[in-house]
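Structure, as structure tokens:
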Amino acid sequence: MRLRIDEAQRVGLEMARWMQARPEVSRVLHPALPDCPGHDIWKRDFLGSTGLFSVILKTHDMNAVAAMLDGMELFGLGFSWGGYESLIIPFDCRTYRTATKWDPEGLGLRLQIGFEDLDDLKTDLDRGFARYRAALG
């Protein structure tokens with residue numbers, strides 16, 4: 001189990017850093033990244049992370065997000081708290097979040113990075129982002 005957790009942390013952080021460099025992404029929400037809100041609390045209370053994190057896109061265009069997700073080959077569409085398969089799902093909690101105000105720049109994508117080859121996952125996301133950009137016009 002320890003090897004699996006260490007690998008989930010490694011690939012999750014690598015993918016989160018890769019996503020930070022994407023022009024389509026406004027921000028990455030991964031607690032192990034120093035610029036993530038709540039990082040200090042995470043650092044105080046936890047020893048590591050997983051492959052589960054979110055990104056905020058630069059637009060609220062659901063049609064563009066649908067175009068991105070419809071052609072994914074390695075990422076399944078669904079929720080998970082950390083399995084072996086990579087998953088992605090859009091979210092927009094502006095209408096139901098009540099504890100604090102949530103008004104991000106764009107829609108969110110929740111990702112679970114599994115144990116597929118990381119370069120293959122990046123290629124799948126690259127192709128998805130190309131569809132996303134094409135849908136935006």
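Ligands are numbered from 1 in the order shown, chains are lettered A, B, ... in the order of the structure tokens, and residues start at 1 in each chain.
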Test item: residues at most 9 Å from A:Pro31, only C-alpha atoms, excluding those fewer than 5 positions along its chain, as a list in words:
Cys36, Pro37, Gly38, His39, Asp40, Ile41, Trp42, Lys43, Ser49 and Phe53 of chain A
Spatial neighbours of A:Trp102, 12 Å, only C-alpha atoms, chain gap at least 5 places, as a PyMOL selection string
chain A and resi 56+91-97+107-108
Could you save those same residues with C-alpha atoms as a PDB file, in the first residue's frame?
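Here's the written file out_26.pdb:
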```pdb
ATOM      1  CA  ILE A  56     -10.207  26.065 -12.558  1.00  0.00           C
ATOM      2  CA  PHE A  91     -18.005  20.951 -11.454  1.00  0.00           C
ATOM      3  CA  ASP A  92     -19.511  24.339 -10.770  1.00  0.00           C
ATOM      4  CA  CYS A  93     -20.539  24.802  -7.145  1.00  0.00           C
ATOM      5  CA  ARG A  94     -21.494  28.495  -7.402  1.00  0.00           C
ATOM      6  CA  THR A  95     -25.177  27.692  -6.938  1.00  0.00           C
ATOM      7  CA  TYR A  96     -24.958  25.404  -3.914  1.00  0.00           C
ATOM      8  CA  ARG A  97     -21.876  26.392  -1.936  1.00  0.00           C
ATOM      9  CA  LEU A 107     -15.641  25.982 -14.525  1.00  0.00           C
ATOM     10  CA  GLY A 108     -13.744  23.457 -12.465  1.00  0.00           C
TER      11      GLY A 108
END
```
DSSP-assigned alpha helix (DSSP H) among chain A, expressed as a PyMOL selection string:
chain A and resi 2-20+39-45+62-70+118-136
Need the shell around A:Leu125: protein/DNA/RNA residues with any atom at most 10 Å away, counting only C-alpha atoms. Skip same-chain ones fewer than 3 positions apart. Format as an MDAnalysis selection string?
chainID A and resid 19 68:69 71:75 119:122 128:131
If you run DSSP on the backbone here, which positions in stretch 3-78 of chain A get strand (DSSP E or B)? Please write them as a ChimeraX atom specification.
/A:25-29,52-57,76-77
Select, from A:Ala134, A:Leu33, A:Met62, A:Val11, the residue with the minimum atom-to-atom distance to A:Thr50, counting only C-alpha atoms.
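Nearest to A:Thr50: A:Val11.
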